[in-house]
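Chemist: The following file, my_file.csv, comprises CSV, C-alpha atoms and all ligand atoms:
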chain,number,residue,atom,x,y,z
Y,1,MET,CA,-92.2,-103.7,-71.5
Y,2,THR,CA,-93.8,-102.4,-74.6
Y,3,ASP,CA,-92.9,-102.5,-78.2
Y,4,THR,CA,-91.7,-98.9,-78.2
Y,5,ARG,CA,-89.3,-99.7,-75.5
Y,6,LEU,CA,-88.0,-102.8,-77.3
Y,7,SER,CA,-87.4,-100.9,-80.5
Y,8,HIS,CA,-85.7,-98.1,-78.7
Y,9,ASP,CA,-83.3,-100.5,-77.0
Y,10,ALA,CA,-82.6,-102.5,-80.2
Y,11,PRO,CA,-79.0,-102.0,-81.4
Y,12,ILE,CA,-78.6,-99.7,-84.4
Y,13,LEU,CA,-75.8,-101.9,-85.6
Y,14,ALA,CA,-75.4,-105.6,-84.9
Y,15,ILE,CA,-72.1,-107.2,-85.8
Y,16,ASP,CA,-72.7,-111.0,-85.9
Y,17,GLY,CA,-69.8,-113.4,-86.0
Y,18,LEU,CA,-67.8,-111.2,-88.3
Y,19,HIS,CA,-64.7,-112.8,-89.6
Y,20,LYS,CA,-61.9,-111.8,-92.0
Y,21,SER,CA,-58.8,-113.7,-93.0
Y,22,PHE,CA,-56.1,-112.6,-95.4
Y,23,GLY,CA,-54.6,-115.9,-96.5
Y,24,PRO,CA,-53.1,-117.4,-93.4
Y,25,VAL,CA,-53.6,-114.3,-91.3
Y,26,THR,CA,-56.8,-114.0,-89.3
Y,27,ALA,CA,-57.4,-110.2,-88.9
Y,28,VAL,CA,-60.9,-110.4,-87.3
Y,29,ASP,CA,-61.9,-113.6,-85.5
Y,30,HIS,CA,-65.6,-114.2,-85.2
Y,31,VAL,CA,-66.5,-110.9,-83.5
Y,32,SER,CA,-70.0,-110.2,-82.3
Y,33,LEU,CA,-71.0,-106.8,-81.0
Y,34,ASP,CA,-74.1,-104.7,-80.6
Y,35,ILE,CA,-73.7,-100.9,-81.1
Y,36,ARG,CA,-76.5,-98.8,-79.5
Y,37,ARG,CA,-78.3,-95.9,-81.1
Y,38,ASN,CA,-76.6,-92.5,-80.4
Y,39,GLU,CA,-73.7,-94.1,-78.6
Y,40,PHE,CA,-70.0,-93.1,-78.9
Y,41,PHE,CA,-68.4,-96.5,-79.3
Y,42,ALA,CA,-64.6,-97.1,-79.4
Y,43,LEU,CA,-62.7,-100.0,-80.9
Y,44,LEU,CA,-59.5,-100.3,-79.0
Y,45,GLY,CA,-56.5,-102.5,-79.1
Y,46,PRO,CA,-52.8,-102.8,-79.9
Y,47,SER,CA,-51.4,-102.4,-83.4
Y,48,GLY,CA,-52.4,-105.3,-85.6
Y,49,CYS,CA,-55.4,-106.4,-83.5
Y,50,GLY,CA,-57.8,-105.9,-86.4
Y,51,LYS,CA,-59.6,-102.6,-85.5
Y,52,THR,CA,-59.1,-101.1,-88.9
Y,53,THR,CA,-60.2,-104.2,-90.8
Y,54,LEU,CA,-63.3,-104.4,-88.6
Y,55,LEU,CA,-64.1,-100.8,-89.4
Y,56,ARG,CA,-63.4,-101.2,-93.1
Y,57,MET,CA,-65.8,-104.2,-93.2
Y,58,LEU,CA,-68.5,-102.0,-91.6
Y,59,ALA,CA,-67.9,-99.3,-94.2
Y,60,GLY,CA,-67.9,-101.9,-97.1
Y,61,PHE,CA,-64.3,-101.5,-98.2
Y,62,GLU,CA,-63.4,-105.0,-97.1
Y,63,THR,CA,-65.5,-108.1,-97.8
Y,64,PRO,CA,-66.0,-110.3,-94.7
Y,65,SER,CA,-64.9,-114.0,-94.9
Y,66,GLY,CA,-67.9,-114.8,-92.7
Y,67,GLY,CA,-70.6,-113.3,-90.5
Y,68,ARG,CA,-73.1,-110.5,-90.9
Y,69,ILE,CA,-73.6,-106.8,-90.4
Y,70,LEU,CA,-77.1,-105.7,-89.5
Y,71,LEU,CA,-78.1,-102.1,-89.6
Y,72,GLU,CA,-81.4,-101.5,-87.9
Y,73,GLY,CA,-82.1,-105.2,-88.4
Y,74,LYS,CA,-81.3,-105.2,-92.2
Y,75,ASP,CA,-78.3,-107.2,-93.5
Y,76,ILE,CA,-76.0,-104.7,-95.2
Y,77,SER,CA,-73.1,-107.1,-95.6
Y,78,ALA,CA,-73.4,-107.3,-99.4
Y,79,LEU,CA,-74.1,-103.6,-100.0
Y,80,PRO,CA,-71.3,-101.5,-101.7
Y,81,PRO,CA,-70.0,-98.6,-99.5
Y,82,GLU,CA,-72.0,-95.9,-101.2
Y,83,LYS,CA,-75.2,-97.7,-100.6
Y,84,ARG,CA,-74.6,-98.0,-96.9
Y,85,PRO,CA,-76.1,-95.3,-94.6
Y,86,LEU,CA,-72.7,-95.2,-92.9
Y,87,ASN,CA,-69.9,-92.8,-93.5
Y,88,LEU,CA,-66.2,-93.3,-92.9
Y,89,MET,CA,-64.0,-90.4,-92.0
Y,90,PHE,CA,-60.5,-91.1,-93.2
Y,91,GLN,CA,-57.3,-90.6,-91.1
Y,92,SER,CA,-55.8,-88.5,-93.9
Y,93,TYR,CA,-58.9,-86.2,-94.0
Y,94,ALA,CA,-58.8,-86.5,-97.9
Y,95,LEU,CA,-60.1,-82.9,-98.4
Y,96,PHE,CA,-60.1,-81.4,-101.9
Y,97,PRO,CA,-57.2,-78.9,-101.8
Y,98,HIS,CA,-58.5,-76.7,-104.6
Y,99,MET,CA,-62.0,-76.2,-103.1
Y,100,THR,CA,-63.0,-73.9,-100.3
Y,101,VAL,CA,-64.3,-75.3,-97.0
Y,102,ALA,CA,-67.9,-74.6,-98.0
Y,103,ARG,CA,-67.4,-76.4,-101.4
Y,104,ASN,CA,-65.7,-79.3,-99.7
Y,105,LEU,CA,-68.8,-79.7,-97.5
Y,106,ALA,CA,-71.3,-79.2,-100.4
Y,107,TYR,CA,-69.6,-81.6,-102.8
Y,108,GLY,CA,-71.0,-84.9,-101.5
Y,109,LEU,CA,-74.5,-83.4,-101.5
Y,110,GLU,CA,-74.1,-82.1,-105.0
Y,111,MET,CA,-73.1,-85.6,-106.1
Y,112,ASP,CA,-76.3,-86.9,-104.5
Y,113,ARG,CA,-78.2,-84.2,-106.6
Y,114,LEU,CA,-79.9,-82.6,-103.6
Y,115,PRO,CA,-81.7,-79.3,-104.4
Y,116,LYS,CA,-79.4,-76.2,-104.2
Y,117,ALA,CA,-81.4,-74.6,-101.4
Y,118,GLU,CA,-81.2,-77.8,-99.3
Y,119,ILE,CA,-77.5,-78.1,-99.9
Y,120,ALA,CA,-76.9,-74.5,-98.8
Y,121,ARG,CA,-79.0,-75.0,-95.7
Y,122,ARG,CA,-77.3,-78.2,-94.6
Y,123,VAL,CA,-73.8,-76.7,-95.2
Y,124,GLU,CA,-74.7,-73.6,-93.2
Y,125,GLU,CA,-76.1,-75.8,-90.4
Y,126,ILE,CA,-73.0,-78.1,-90.2
Y,127,MET,CA,-70.6,-75.2,-90.3
Y,128,ALA,CA,-72.4,-73.7,-87.3
Y,129,VAL,CA,-72.3,-76.9,-85.3
Y,130,THR,CA,-68.6,-77.5,-86.1
Y,131,ASP,CA,-67.7,-73.8,-85.6
Y,132,LEU,CA,-66.4,-73.4,-89.2
Y,133,GLY,CA,-68.4,-70.4,-90.4
Y,134,GLN,CA,-65.5,-68.0,-90.4
Y,135,PHE,CA,-63.4,-70.4,-92.5
Y,136,ALA,CA,-66.1,-71.0,-95.2
Y,137,ALA,CA,-64.1,-69.3,-98.0
Y,138,ARG,CA,-60.7,-70.7,-97.1
Y,139,LYS,CA,-58.9,-73.6,-98.8
Y,140,PRO,CA,-57.6,-76.5,-96.7
Y,141,ASP,CA,-53.9,-75.4,-96.9
Y,142,GLN,CA,-55.0,-72.1,-95.2
Y,143,LEU,CA,-56.2,-74.1,-92.1
Y,144,SER,CA,-54.5,-75.5,-89.0
Y,145,GLY,CA,-54.4,-79.2,-88.4
Y,146,GLY,CA,-57.3,-79.0,-85.9
Y,147,GLN,CA,-59.4,-76.9,-88.4
Y,148,LYS,CA,-58.8,-79.4,-91.2
Y,149,GLN,CA,-59.8,-82.1,-88.9
Y,150,ARG,CA,-63.1,-80.3,-88.2
Y,151,VAL,CA,-63.7,-79.8,-91.9
Y,152,ALA,CA,-63.2,-83.6,-92.5
Y,153,LEU,CA,-65.6,-84.3,-89.7
Y,154,ALA,CA,-68.2,-81.7,-91.0
Y,155,ARG,CA,-68.0,-83.3,-94.4
Y,156,ALA,CA,-68.7,-86.7,-93.1
Y,157,LEU,CA,-71.6,-85.4,-91.0
Y,158,VAL,CA,-73.2,-83.2,-93.6
Y,159,LYS,CA,-74.5,-86.3,-95.4
Y,160,ARG,CA,-76.3,-87.3,-92.2
Y,161,PRO,CA,-75.2,-90.9,-92.0
Y,162,LYS,CA,-76.9,-93.2,-89.4
Y,163,VAL,CA,-73.5,-94.2,-88.2
Y,164,LEU,CA,-70.2,-92.3,-88.5
Y,165,LEU,CA,-67.0,-94.4,-88.6
Y,166,LEU,CA,-63.8,-92.7,-87.6
Y,167,ASP,CA,-60.4,-94.3,-88.0
Y,168,GLU,CA,-57.9,-92.7,-85.6
Y,169,PRO,CA,-59.4,-89.3,-86.3
Y,170,LEU,CA,-57.1,-87.4,-84.0
Y,171,GLY,CA,-54.0,-89.4,-84.9
Y,172,ALA,CA,-52.3,-86.5,-86.7
Y,173,LEU,CA,-52.8,-83.9,-84.0
Y,174,ASP,CA,-50.3,-82.9,-81.3
Y,175,LYS,CA,-51.1,-83.8,-77.7
Y,176,LYS,CA,-52.7,-80.5,-76.6
Y,177,LEU,CA,-54.9,-80.2,-79.6
Y,178,ARG,CA,-55.7,-83.8,-79.5
Y,179,GLU,CA,-57.0,-83.5,-75.9
Y,180,ARG,CA,-59.1,-80.5,-76.8
Y,181,MET,CA,-60.5,-82.2,-79.9
Y,182,GLN,CA,-61.5,-85.3,-77.8
Y,183,LEU,CA,-63.9,-83.2,-75.8
Y,184,GLU,CA,-65.1,-81.3,-78.9
Y,185,LEU,CA,-65.7,-84.5,-80.7
Y,186,LYS,CA,-67.7,-85.8,-77.8
Y,187,ARG,CA,-69.8,-82.6,-77.6
Y,188,LEU,CA,-70.4,-82.7,-81.3
Y,189,GLN,CA,-71.5,-86.3,-81.3
Y,190,HIS,CA,-73.9,-85.4,-78.5
Y,191,GLU,CA,-75.2,-82.5,-80.5
Y,192,VAL,CA,-75.8,-84.2,-83.8
Y,193,GLY,CA,-77.1,-87.3,-82.2
Y,194,ILE,CA,-75.4,-89.7,-84.6
Y,195,THR,CA,-73.8,-93.0,-83.6
Y,196,PHE,CA,-70.0,-92.7,-83.7
Y,197,ILE,CA,-67.7,-95.7,-83.9
Y,198,ILE,CA,-64.1,-94.7,-83.5
Y,199,VAL,CA,-60.9,-96.7,-83.9
Y,200,THR,CA,-58.1,-95.8,-81.6
Y,201,HIS,CA,-55.0,-97.5,-80.1
Y,202,ASP,CA,-54.9,-94.8,-77.4
Y,203,GLN,CA,-56.6,-96.2,-74.2
Y,204,GLU,CA,-56.8,-92.8,-72.6
Y,205,GLU,CA,-58.6,-91.4,-75.6
Y,206,ALA,CA,-61.1,-94.2,-75.5
Y,207,LEU,CA,-61.7,-93.8,-71.7
Y,208,VAL,CA,-62.3,-90.0,-72.2
Y,209,MET,CA,-64.6,-90.2,-75.2
Y,210,ALA,CA,-66.4,-93.5,-75.3
Y,211,ASP,CA,-69.8,-94.4,-73.8
Y,212,ARG,CA,-68.7,-98.0,-74.4
Y,213,MET,CA,-65.7,-99.7,-75.8
Y,214,ALA,CA,-64.5,-103.0,-77.2
Y,215,ILE,CA,-61.0,-104.3,-76.6
Y,216,LEU,CA,-59.6,-106.5,-79.3
Y,217,LYS,CA,-56.5,-108.6,-79.4
Y,218,ASP,CA,-55.3,-110.8,-82.3
Y,219,GLY,CA,-58.7,-110.3,-84.0
Y,220,GLN,CA,-60.6,-111.5,-81.0
Y,221,LEU,CA,-63.0,-109.5,-78.8
Y,222,LEU,CA,-61.8,-109.7,-75.2
Y,223,GLN,CA,-64.2,-107.3,-73.5
Y,224,CYS,CA,-67.0,-104.9,-74.2
Y,225,GLY,CA,-68.3,-102.4,-71.7
Y,226,SER,CA,-68.3,-98.8,-70.4
Y,227,PRO,CA,-64.9,-97.2,-69.6
Y,228,GLU,CA,-65.7,-97.7,-65.8
Y,229,GLU,CA,-66.5,-101.4,-66.3
Y,230,VAL,CA,-63.4,-102.1,-68.3
Y,231,TYR,CA,-61.2,-100.1,-66.0
Y,232,GLU,CA,-62.7,-101.4,-62.7
Y,233,ARG,CA,-63.4,-105.0,-63.8
Y,234,PRO,CA,-61.1,-106.0,-66.6
Y,235,ALA,CA,-62.0,-109.4,-68.1
Y,236,ASP,CA,-58.5,-110.7,-68.1
Y,237,ARG,CA,-54.8,-109.9,-67.5
Y,238,PHE,CA,-54.3,-108.5,-70.9
Y,239,VAL,CA,-57.1,-106.0,-70.6
Y,240,ALA,CA,-56.1,-105.1,-67.1
Y,241,ASN,CA,-52.6,-104.3,-68.3
Y,242,PHE,CA,-53.7,-102.5,-71.5
Y,243,ILE,CA,-56.1,-100.1,-69.8
Y,244,GLY,CA,-54.3,-97.9,-67.3
Y,245,VAL,CA,-51.6,-99.0,-65.0
Y,246,MET,CA,-51.9,-102.2,-63.1
Y,247,ASN,CA,-49.7,-104.0,-60.6
Y,248,PHE,CA,-49.6,-107.8,-60.6
Y,249,ILE,CA,-48.7,-110.1,-57.8
Y,250,ASP,CA,-48.5,-113.9,-58.3
Y,251,GLY,CA,-49.7,-116.0,-55.4
Y,252,VAL,CA,-52.1,-118.6,-54.2
Y,253,VAL,CA,-55.7,-118.4,-53.0
Y,254,ALA,CA,-56.0,-120.7,-50.0
Y,255,SER,CA,-59.1,-122.7,-49.0
Y,256,ASP,CA,-59.8,-120.1,-46.2
Y,257,GLY,CA,-60.3,-117.5,-48.9
Y,258,SER,CA,-57.1,-115.6,-48.4
Y,259,PHE,CA,-54.6,-114.6,-51.1
Y,260,ASN,CA,-51.1,-115.5,-50.1
Y,261,ALA,CA,-47.7,-114.5,-51.5
Y,262,VAL,CA,-44.3,-114.0,-49.7
Y,263,GLY,CA,-45.0,-111.7,-46.8
Y,264,LEU,CA,-48.6,-111.0,-47.9
Y,265,ASN,CA,-51.9,-112.4,-46.7
Y,266,LEU,CA,-55.0,-110.7,-47.8
Y,267,ALA,CA,-58.6,-111.8,-47.2
Y,268,VAL,CA,-60.4,-111.7,-50.6
Y,269,SER,CA,-63.7,-112.7,-51.9
Y,270,THR,CA,-63.3,-114.9,-54.9
Y,271,GLU,CA,-64.5,-118.1,-56.6
Y,272,ILE,CA,-60.9,-118.8,-57.7
Y,273,HIS,CA,-58.8,-121.3,-55.8
Y,274,GLY,CA,-55.2,-122.2,-56.2
Y,275,ILE,CA,-52.5,-120.4,-58.2
Y,276,ALA,CA,-53.7,-116.9,-59.1
Y,277,THR,CA,-52.6,-113.4,-59.9
Y,278,LEU,CA,-53.7,-110.4,-57.9
Y,279,ALA,CA,-54.1,-107.2,-59.9
Y,280,VAL,CA,-54.4,-103.8,-58.1
Y,281,ARG,CA,-54.2,-100.3,-59.5
Y,282,PRO,CA,-51.7,-97.8,-58.1
Y,283,GLU,CA,-54.5,-95.7,-56.6
Y,284,ASN,CA,-55.8,-98.6,-54.6
Y,285,ILE,CA,-52.7,-99.1,-52.6
Y,286,ARG,CA,-52.2,-96.9,-49.5
Y,287,VAL,CA,-49.1,-96.0,-47.6
Y,288,THR,CA,-49.7,-96.9,-43.9
Y,289,THR,CA,-47.7,-97.4,-40.7
Y,290,ALA,CA,-45.4,-100.2,-39.5
Y,291,GLY,CA,-47.3,-103.2,-38.3
Y,292,ALA,CA,-50.4,-102.2,-40.4
Y,293,GLY,CA,-49.0,-103.1,-43.8
Y,294,ILE,CA,-46.6,-104.9,-46.0
Y,295,GLU,CA,-43.0,-103.8,-45.7
Y,296,GLY,CA,-41.4,-102.4,-48.8
Y,297,ARG,CA,-38.6,-100.2,-50.1
Y,298,VAL,CA,-39.0,-97.2,-52.3
Y,299,VAL,CA,-36.8,-97.7,-55.4
Y,300,ASP,CA,-38.0,-94.7,-57.4
Y,301,MET,CA,-40.4,-91.8,-57.3
Y,302,ALA,CA,-42.0,-89.9,-60.1
Y,303,TYR,CA,-43.7,-86.5,-59.8
Y,304,HIS,CA,-46.8,-86.1,-61.9
Y,305,GLY,CA,-48.1,-82.7,-60.7
Y,306,LEU,CA,-51.3,-83.8,-59.1
Y,307,ASP,CA,-49.7,-86.9,-57.5
Y,308,ARG,CA,-46.5,-88.9,-57.1
Y,309,VAL,CA,-46.0,-92.5,-58.1
Y,310,LEU,CA,-43.8,-94.4,-55.8
Y,311,HIS,CA,-42.2,-97.6,-57.1
Y,312,VAL,CA,-42.1,-99.9,-54.1
Y,313,ARG,CA,-40.2,-103.2,-54.0
Y,314,ILE,CA,-41.9,-105.8,-51.8
Y,315,ALA,CA,-40.9,-109.4,-51.2
Y,316,ALA,CA,-44.0,-110.8,-52.9
Y,317,SER,CA,-43.3,-109.2,-56.3
Y,318,GLU,CA,-40.2,-109.1,-58.6
Y,319,THR,CA,-41.5,-106.0,-60.3
Y,320,PRO,CA,-41.7,-103.0,-58.0
Y,321,LEU,CA,-45.4,-102.0,-57.3
Y,322,GLN,CA,-46.6,-98.6,-58.4
Y,323,VAL,CA,-48.3,-96.7,-55.6
Y,324,ARG,CA,-50.0,-93.4,-56.2
Y,325,VAL,CA,-49.9,-90.8,-53.4
Y,326,PRO,CA,-51.1,-87.2,-53.5
Y,327,ALA,CA,-48.2,-84.8,-54.4
Y,328,ASN,CA,-48.9,-82.8,-51.2
Y,329,ALA,CA,-48.8,-85.9,-49.0
Y,330,ALA,CA,-47.5,-84.9,-45.5
Y,331,VAL,CA,-44.6,-87.3,-45.6
Y,332,PRO,CA,-42.4,-87.1,-48.6
Y,333,HIS,CA,-40.8,-90.3,-49.7
Y,334,THR,CA,-37.4,-90.8,-51.3
Y,335,ALA,CA,-35.6,-93.7,-52.9
Y,336,GLY,CA,-34.2,-96.0,-50.2
Y,337,ASP,CA,-37.0,-95.3,-47.7
Y,338,THR,CA,-38.6,-98.2,-46.0
Y,339,ILE,CA,-42.4,-97.9,-46.1
Y,340,TYR,CA,-45.5,-99.9,-45.3
Y,341,ILE,CA,-48.3,-100.3,-47.8
Y,342,ALA,CA,-51.8,-101.7,-47.6
Y,343,ILE,CA,-53.9,-103.1,-50.5
Y,344,ASP,CA,-57.6,-102.4,-50.4
Y,345,PRO,CA,-59.1,-105.9,-50.8
Y,346,ASP,CA,-62.3,-104.5,-52.3
Y,347,ARG,CA,-60.5,-102.9,-55.1
Y,348,ILE,CA,-58.5,-105.9,-56.4
Y,349,ARG,CA,-59.0,-108.3,-59.3
Y,350,LEU,CA,-57.9,-111.9,-59.2
Y,351,PHE,CA,-57.0,-113.8,-62.4
Y,352,LYS,CA,-56.5,-117.6,-62.6
Y,353,ALA,CA,-53.0,-118.6,-63.6
E,401,LIG,P1,-53.0,-100.5,-86.5
E,401,LIG,O1,-53.4,-100.0,-85.2
E,401,LIG,O2,-51.5,-100.8,-86.6
E,401,LIG,O3,-53.5,-99.8,-87.7
E,401,LIG,P2,-55.1,-102.5,-86.6
E,401,LIG,O4,-55.5,-103.0,-85.3
E,401,LIG,O5,-56.0,-101.5,-87.3
E,401,LIG,O6,-53.6,-102.0,-86.5
E,401,LIG,P3,-55.5,-104.1,-89.0
E,401,LIG,O7,-54.9,-103.1,-89.9
E,401,LIG,O8,-56.9,-104.3,-89.0
E,401,LIG,O9,-55.0,-103.8,-87.5
E,401,LIG,O10,-54.7,-105.5,-89.3
E,401,LIG,C1,-55.0,-106.7,-88.6
E,401,LIG,C2,-54.1,-107.8,-89.1
E,401,LIG,O11,-54.5,-108.1,-90.5
E,401,LIG,C3,-52.7,-107.5,-89.1
E,401,LIG,O12,-51.9,-108.6,-88.8
E,401,LIG,C4,-52.4,-107.1,-90.6
E,401,LIG,O13,-51.1,-107.3,-90.9
E,401,LIG,C5,-53.4,-107.9,-91.3
E,401,LIG,N1,-53.8,-107.3,-92.6
E,401,LIG,C6,-54.6,-106.2,-92.7
E,401,LIG,N2,-54.9,-105.9,-94.0
E,401,LIG,C7,-54.3,-106.8,-94.7
E,401,LIG,C8,-54.2,-107.1,-96.1
E,401,LIG,N3,-54.8,-106.3,-97.0
E,401,LIG,N4,-53.5,-108.2,-96.5
E,401,LIG,C9,-52.9,-109.0,-95.6
E,401,LIG,N5,-52.9,-108.8,-94.3
E,401,LIG,C10,-53.6,-107.8,-93.8
Would you write the structure of this file as structure tokens?

Modeler:
Amino acid sequence: MTDTRLSHDAPILAIDGLHKSFGPVTAVDHVSLDIRRNEFFALLGPSGCGKTTLLRMLAGFETPSGGRILLEGKDISALPPEKRPLNLMFQSYALFPHMTVARNLAYGLEMDRLPKAEIARRVEEIMAVTDLGQFAARKPDQLSGGQKQRVALARALVKRPKVLLLDEPLGALDKKLRERMQLELKRLQHEVGITFIIVTHDQEEALVMADRMAILKDGQLLQCGSPEEVYERPADRFVANFIGVMNFIDGVVASDGSFNAVGLNLAVSTEIHGIATLAVRPENIRVTTAGAGIEGRVVDMAYHGLDRVLHVRIAASETPLQVRVPANAAVPHTAGDTIYIAIDPDRIRLFKA
């Protein structure tokens, strides 16, 4: 409505047709993305999709073959890394081994010739936020993996960048610590109010942490949206399969608006006609009674604590469907059982062949 509103909604970082080739290899293929102020943004995709190259171009360590990077509307594409108000936190942490935690944190500010009192104040402040106060006098090799990770993060934050870039920041941690740090990182991002752009190949990590995420494949942007949007309404078959577990059934959408496959007829609402693939998550298939569903046979069952996943073979699909049922479901199922399943037509996606 007003100018204030406009400027508040303006992206902090605009990636405009960014492109990078290494000889014949296209690493990043004309990607355009807007990153909002104070958001936790994840770049996600399989190995080799171009995530790291994209991040390195933002940081200034890689020169784009084409396109622009705008920070608060200013083109920073030609600026060297140290002139960009962005900070990259490396996967390897790159801490100085001979310096204490406090000195590791102060070092960058000393290089910037900040007044001593200001440096002390900022180091104190960031140690409090990252819960590092008790380790101030320790050297990196006297810290656990998670503590080192926090020091690296604190060191990147102490310079108060406008945007913090993180390349697989939790990659070196074991599963338990990784899950704890995911929440901690999110809390910290919220507290410092700095825009975070994180690279990860771990879809669960992106779902847990990100406000919004971009899915890349072969250098191309396939979808950008909130975790819910991407999980509930994947843009294509690749995204559907990459995020979470998805069942696929090949069939045909008839002119009466029904999806048909062997032994399966489902009223759907779609613009698609003809050959199509139906995609449905395991939690959107119910076990029902004979006559009310599609007949199938349980070929396998996996116990996951909170729930069980049944693998059910039906005539319409070569691959058994995964069906999620509560672990305490009244009727236990075992391999060989005949069961009947129903697909919720409101919770499916259809993709054109
Ligand atoms: P990973 O998750 O495995 O780190 P990624 O998604 O970060 O992968 P990138 O490292 O950005 O992928 O690489 C994208 C593509 O560009 C790959 O095919 C890679 O081999 C290629 N590539 C990256 N850097 C170079 C380089 N310096 N020279 C030649 N090819 C490169």

Chemist: Distance atom CA of Arg37 of chain Y-atom CA of Leu183 of chain Y, one decimal place?

Modeler: 19.9 Å

Chemist: Between Y:Leu222, Y:Val299, Y:Leu216, Y:Leu170, which has the minimum distance to ligand LIG 401 (chain E) (counting all atoms listed in the file)?

Modeler: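 Looking only at the distances to ligand LIG 401 (chain E), the closest residue turns out to be Y:Leu216.
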
Chemist: Could the residues that lie within 12 Å of ligand LIG 401 (chain E), counting only C-alpha atoms and all ligand atoms, be listed as a ChimeraX atom specification?

Modeler: /Y:19-29,43-57,61-64,91,166-168,171,198-202,215-221

Chemist: Quick one: of Y:Asp75, Y:Asp131, Y:Glu283, Y:Asp211, who's nearest to Glu39 of chain Y, counting all atoms listed in the file?

Modeler: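 For Glu39 of chain Y, the nearest of the candidates is Y:Asp211.
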
Chemist: What's around Pro80 of chain Y at 8 Å? Count all atoms listed in the file, leave out sequence neighbours fewer than 2 positions away in its own chain, and write the answer as a list in words.

Modeler: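 Residues near the query, excluding close chain neighbours: Gly60, Phe61, Ala78, Glu82, Lys83 and Arg84 of chain Y.
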
Chemist: Around the point (-63.6, -80.5, -101.6) (coordinates from the file), which residues reach within 8 Å if we count all atoms listed in the file? Answer as a list in words.

Modeler: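 The answer, in the requested form, is Leu95, Phe96, Pro97, His98, Met99, Thr100, Val101, Arg103, Asn104, Leu105, Ala106 and Tyr107 of chain Y.
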
Chemist: For the contact check between segment 189-252 of chain Y and segment 257-270 of chain Y, emit one row per residue of segment 189-252 of chain Y within 9 Å, containing the shortest atom pair and the distance in Å rounded to one decimal, counting only C-alpha atoms, chain then rising number order, as a Markdown table.

Modeler:
| residue | atom | partner | partner_atom | distance |
| --- | --- | --- | --- | --- |
| Y:Ile249 | CA | Y:Ala261 | CA | 7.7 |
| Y:Asp250 | CA | Y:Ala261 | CA | 6.9 |
| Y:Gly251 | CA | Y:Ala261 | CA | 4.6 |
| Y:Val252 | CA | Y:Asn260 | CA | 5.2 |

Chemist: Have a look at Y:Ala136, Y:Ala154, Y:Ile348, Y:Met181 and name the one nearest to Glu232 of chain Y; count all atoms listed in the file.

Modeler: Y:Ile348

Chemist: Find, counting only C-alpha atoms, the residue in Y:Met127, Y:Ala42, Y:Ile194, Y:Ala276 that gets nearest to Pro169 of chain Y.

Modeler: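 For Pro169 of chain Y, the nearest of the candidates is Y:Ala42.
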
Chemist: I need the residue nearest Arg347 of chain Y from this list: Y:Ala206, Y:Met246, Y:Ile314, Y:Val31. Use only C-alpha atoms for the distance.

Modeler: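 Counting only C-alpha atoms, the residue closest to Arg347 of chain Y is Y:Met246.
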
Chemist: Excluding same-chain residues fewer than 3 positions from Val239 of chain Y, what lies within 9 Å of it counting only C-alpha atoms, as a list of chain:residue names?

Modeler: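 The neighbour list is Y:Ile215, Y:Leu222, Y:Gln223, Y:Val230, Y:Tyr231, Y:Pro234, Y:Ala235, Y:Asp236, Y:Phe242, Y:Ile243.
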
Chemist: Quick one, how far is atom CA of Arg122 of chain Y from atom CA of Val158 of chain Y?

Modeler: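 Separation between atom CA of Arg122 of chain Y and atom CA of Val158 of chain Y: 6.5 Å.
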
Chemist: Take atom CA of Leu177 of chain Y and atom CA of Gly146 of chain Y and report the distance between them in Å, one decimal.

Modeler: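 Interatomic distance, atom CA of Leu177 of chain Y to atom CA of Gly146 of chain Y: 6.8 Å.
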
Chemist: Choose the residue, out of Y:Ile69, Y:Lys186, Y:Phe90, Y:Ile35, that has the smallest atom-to-atom separation from Ala172 of chain Y; count all atoms listed in the file.

Modeler: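 Of the candidates, the smallest distance to Ala172 of chain Y is held by Y:Phe90.
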
Chemist: Write out as a ChimeraX atom specification each polymer residue whose atoms come within 10 Å of segment 323-335 of chain Y, counting all atoms listed in the file; drop sequence neighbours fewer than 5 positions from it.

Modeler: /Y:246-247,280-287,297-312,341,343

Chemist: Keeping only C-alpha atoms, write the selected residues as a tab-separated table (two decimals), keeping the file's coordinate frame.

Modeler:
chain	number	residue	atom	x	y	z
Y	246	MET	CA	-51.90	-102.20	-63.10
Y	247	ASN	CA	-49.70	-104.00	-60.60
Y	280	VAL	CA	-54.40	-103.80	-58.10
Y	281	ARG	CA	-54.20	-100.30	-59.50
Y	282	PRO	CA	-51.70	-97.80	-58.10
Y	283	GLU	CA	-54.50	-95.70	-56.60
Y	284	ASN	CA	-55.80	-98.60	-54.60
Y	285	ILE	CA	-52.70	-99.10	-52.60
Y	286	ARG	CA	-52.20	-96.90	-49.50
Y	287	VAL	CA	-49.10	-96.00	-47.60
Y	297	ARG	CA	-38.60	-100.20	-50.10
Y	298	VAL	CA	-39.00	-97.20	-52.30
Y	299	VAL	CA	-36.80	-97.70	-55.40
Y	300	ASP	CA	-38.00	-94.70	-57.40
Y	301	MET	CA	-40.40	-91.80	-57.30
Y	302	ALA	CA	-42.00	-89.90	-60.10
Y	303	TYR	CA	-43.70	-86.50	-59.80
Y	304	HIS	CA	-46.80	-86.10	-61.90
Y	305	GLY	CA	-48.10	-82.70	-60.70
Y	306	LEU	CA	-51.30	-83.80	-59.10
Y	307	ASP	CA	-49.70	-86.90	-57.50
Y	308	ARG	CA	-46.50	-88.90	-57.10
Y	309	VAL	CA	-46.00	-92.50	-58.10
Y	310	LEU	CA	-43.80	-94.40	-55.80
Y	311	HIS	CA	-42.20	-97.60	-57.10
Y	312	VAL	CA	-42.10	-99.90	-54.10
Y	341	ILE	CA	-48.30	-100.30	-47.80
Y	343	ILE	CA	-53.90	-103.10	-50.50
